[in-house]
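Just below is one structure, and these are the notes that go with it.
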Amino acid sequence: MAAACVRVLSKVGASFLGSPAGRLTGTAARLLASVSARGSSRRYGTGGAGLGSRLPRSAVLRRAALLGAALGLYETLKFFVQRLQAEHEQEQEVADGGLKLTLYQYKACPFCCKVRTFFDYYGLLYEVVEVNPLMKHEIKWSSYRKVPIVMVDGVVQLNDSSVIISSLKTYLVNKQKSMKEIVHYYPEMKSVNDSGKQVTEYNNKYWLMLSEDETTQVYPEKGMQKEEMKWRKWTDDWLVHLIPPNIYRTTSEALASFDYIVHEGKFGTIEGFCARYIGAAAMFIISKRLKRRHNLQDDVRQDLYKAVNDWVDAIGKKRKFMGGNHPNLADLAVFGVLTAMEGLQAFDDMMANTKVECWYHRMQNAMLNHEGCK
């Protein structure tokens, strides 16, 4: 009986050692190798140099039992690892609805920063395509020539940062509607502005297209929805226009900003050199025009400080975020735009001269923990 057990275990063990699994269980492998090597010419109950003359049957059985236990432990651990992986994949599928998202962006663009902030907070998986700002080869397939652009499952194209955020948030709340259906709630409206330039706007871009019950779920307190929409619009209409005049305020700041843009962007060697010096000079001049267009003070930092302090005052002292205990879409929009200045002098000055620091650090933690998918 003992001989039969060892023969079977030797055959199973030999095949196991040749597999990847066998190579992972070093203890079991050494035990099996010992049994196999000594038992190849054994005859139990007779004389000779076989295993029977060197190893008692009880020892053989003990080794066989240890081998079986090692194999069982390995299979158990493998089962639990596979189970944890499956659960993680299932959780991720629930979090993003199984959507395949591709973001076409400029890394330093405030509107693109808004979209990345939304994706990161909700733990959505997405692929990034960095667009060359000069040639724009990466979006030559699109009639819409601005960024950000998000492609959903390679089929549905979402333009405009606020439309992207509103439509995907709608989908996350109500997965009964497909993205093809949802995108029709945000129709394009083309018009000509005061300068004679054709512009594209989108209806309803600050609205979530939800049922009454779903709206109550997202906005449990009266006034929350209107407040969120008001500050999302304020972010697009005012805050974002304060960024260029502040990061290109002086020639040295303009050069520092383009150092970052060239480093993070998709530029060739010559393109990068031209972008750094010609681009910095051009944006320094443009920032002065923007200052006049938006009636900013001579010291544009003061407008930035006031805007940021207005935001913090709107949150108040009793709330962690405008959304309460958790960020809402207005929190994500403001944070996303402000991240476009990180690493630059304007950002350091803002943190030192406003009340935004505590809120900003809370938002950073919310991003790192992907709190929106919990």
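Residues in the structure tokens are numbered from 1 in each chain, the chains being A, B, ... in the order shown, and ligands are numbered from 1 in the order shown.
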Which residues, written as a list of chain:residue names, have at least one atom at most 10 Å from Met224 of chain A, with only C-alpha atoms counted and residues fewer than 5 positions away on the same chain left out?
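Skipping anything fewer than 5 positions along the chain leaves A:Thr216, A:Val218, A:Tyr219, A:Met229, A:Lys230, A:Met322, A:Gly323, A:Gly324, A:Asn328.
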Tell me which protein, DNA and RNA residues are within 12 Å of Gly279 of chain A, counting only C-alpha atoms, leaving out same-chain ones fewer than 2 positions away, and put them as a list of chain:residue names.
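The neighbour list is A:Pro133, A:Leu134, A:Tyr248, A:Thr251, A:Ala254, A:Leu255, A:Ala256, A:Ser257, A:Phe258, A:Asp259, A:Ile261, A:Val262, A:Glu271, A:Gly272, A:Phe273, A:Cys274, A:Ala275, A:Arg276, A:Tyr277, A:Ala281, A:Ala282, A:Met283, A:Phe284, A:Ile285, A:Ile286, A:Ser287.
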Step one, run DSSP on the backbone; step two, keep only residues of segment 57-190 of chain A assigned to alpha helix (DSSP H); then write them as a VMD selection string.
chain A and resid 57 to 96 110 to 121 161 to 173 179 to 183
Test item, strand (DSSP E or B) assignment across segment 109-225 of chain A, answer as a list in words:
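The residues of segment 109-225 of chain A classed as strand (DSSP E or B) are Tyr126, Glu127, Val128, Val129, Glu130, Ile149, Val150, Met151, Val152, Val156, Gln157, Leu158, Asn159, Glu188, Met189, Lys190, Ser191, Val192, Gln198, Val199, Thr200, Glu201 and Tyr202 of chain A.
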Pairwise distance for atom CA of Tyr144 of chain A and atom CA of Val199 of chain A, rounded to one decimal in Å:
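Interatomic distance here is 11.0 Å.
Pairwise distance (atom CA of Leu329 of chain A, atom CA of Ile165 of chain A) equals 8.1 Å.
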Pick out the residues sitting within 9 Å of Glu264 of chain A, and hand them over as a list in words; count only C-alpha atoms, and ignore anything fewer than 6 positions along from it in its own chain.
Tyr106, Lys107, Ala108 and Glu130 of chain A
Can you write out the residues you just picked, keeping C-alpha atoms, as a short mmCIF file (atom, residue, chain, number, x, y, z; two decimals), in the first residue's frame?
data_model
loop_
_atom_site.label_atom_id
_atom_site.label_comp_id
_atom_site.auth_asym_id
_atom_site.auth_seq_id
_atom_site.Cartn_x
_atom_site.Cartn_y
_atom_site.Cartn_z
CA TYR A 106 -2.76 68.86 -23.81
CA LYS A 107 -1.27 68.00 -20.44
CA ALA A 108 -1.22 71.61 -19.18
CA GLU A 130 -1.17 63.66 -25.94
#
I want to know what sits within 9 Å of Lys146 of chain A, based on only C-alpha atoms, with residues of the same chain fewer than 4 positions away left out; could you give that as a PyMOL selection string?
chain A and resi 105+139+159-160
I'd like the contact shell of segment 288-304 of chain A - 9 Å cut-off, only C-alpha atoms, skipping same-chain residues fewer than 2 positions apart - returned as number ranges by chain.
A: 238-239, 241-246, 248-249, 283-286, 306-309, 346, 349-350
Could you dump the residues just selected with C-alpha atoms as a PDB file, in the first residue's frame?
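As written to disk, part38.pdb reads:
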ATOM      1  CA  TRP A 238     -14.293  83.356 -14.938  1.00  0.00           C
ATOM      2  CA  LEU A 239     -11.766  81.244 -13.049  1.00  0.00           C
ATOM      3  CA  HIS A 241      -9.632  82.924 -17.738  1.00  0.00           C
ATOM      4  CA  LEU A 242      -7.483  83.993 -14.791  1.00  0.00           C
ATOM      5  CA  ILE A 243      -4.948  81.218 -15.392  1.00  0.00           C
ATOM      6  CA  PRO A 244      -3.109  82.483 -18.548  1.00  0.00           C
ATOM      7  CA  PRO A 245      -2.632  86.101 -17.339  1.00  0.00           C
ATOM      8  CA  ASN A 246      -1.185  84.733 -14.089  1.00  0.00           C
ATOM      9  CA  TYR A 248       2.401  84.280 -18.245  1.00  0.00           C
ATOM     10  CA  ARG A 249       2.442  87.428 -16.101  1.00  0.00           C
ATOM     11  CA  MET A 283       1.666  84.044 -24.625  1.00  0.00           C
ATOM     12  CA  PHE A 284       3.230  86.898 -22.667  1.00  0.00           C
ATOM     13  CA  ILE A 285       1.723  89.311 -25.229  1.00  0.00           C
ATOM     14  CA  ILE A 286      -1.600  87.432 -25.389  1.00  0.00           C
ATOM     15  CA  LYS A 306     -10.128  87.202  -4.848  1.00  0.00           C
ATOM     16  CA  ALA A 307     -11.633  84.487  -7.041  1.00  0.00           C
ATOM     17  CA  VAL A 308     -10.126  81.689  -4.959  1.00  0.00           C
ATOM     18  CA  ASN A 309     -11.202  83.315  -1.690  1.00  0.00           C
ATOM     19  CA  ALA A 346       1.414  81.588  -9.588  1.00  0.00           C
ATOM     20  CA  ASP A 349       1.654  82.622  -4.540  1.00  0.00           C
ATOM     21  CA  MET A 350      -1.983  81.510  -4.509  1.00  0.00           C
TER      22      MET A 350
END
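Among the candidates A:Ala330, A:Gln345, A:Lys177, A:Phe335, the one nearest to His361 of chain A when counting only C-alpha atoms is A:Phe335.
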Taking only C-alpha atoms into account, which of A:Leu124, A:Leu101, A:Val192, A:Met135 comes nearest Val156 of chain A?
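Answer, going by the shortest atom-to-atom distance: A:Leu101.
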The residue from A:Val334, A:Leu210, A:Ile149, A:Ala69 with the smallest atom-to-atom distance to Thr102 of chain A, counting only C-alpha atoms, is A:Ile149
Shell of 8 Å around Val312 of chain A, only C-alpha atoms, local chain residues under 2 positions omitted, as a PyMOL selection string:
chain A and resi 308-310+314-316+355-356+359
Can I get the selection written as a short mmCIF file (atom, residue, chain, number, x, y, z; two decimals), in the first residue's frame, with C-alpha atoms?
data_model
loop_
_atom_site.label_atom_id
_atom_site.label_comp_id
_atom_site.auth_asym_id
_atom_site.auth_seq_id
_atom_site.Cartn_x
_atom_site.Cartn_y
_atom_site.Cartn_z
CA VAL A 308 -10.13 81.69 -4.96
CA ASN A 309 -11.20 83.32 -1.69
CA ASP A 310 -14.73 83.80 -3.08
CA ALA A 314 -18.93 79.94 -0.74
CA ILE A 315 -18.04 76.56 0.78
CA GLY A 316 -18.07 78.07 4.26
CA LYS A 355 -7.49 80.57 2.26
CA VAL A 356 -7.58 77.68 -0.23
CA TRP A 359 -9.64 72.59 0.90
#
I'd like the interatomic distance between atom CA of Met189 of chain A and atom CA of Asn203 of chain A, to a tenth of an Å.
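Rounded to one decimal, the two atoms are 7.1 Å apart.
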Go through A:Ile164, A:Met209, A:Met151, A:Ala65 and flag the residue nearest Glu181 of chain A, using only C-alpha atoms for the distances.
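Checking each candidate against Glu181 of chain A, we get A:Met209 as the closest.
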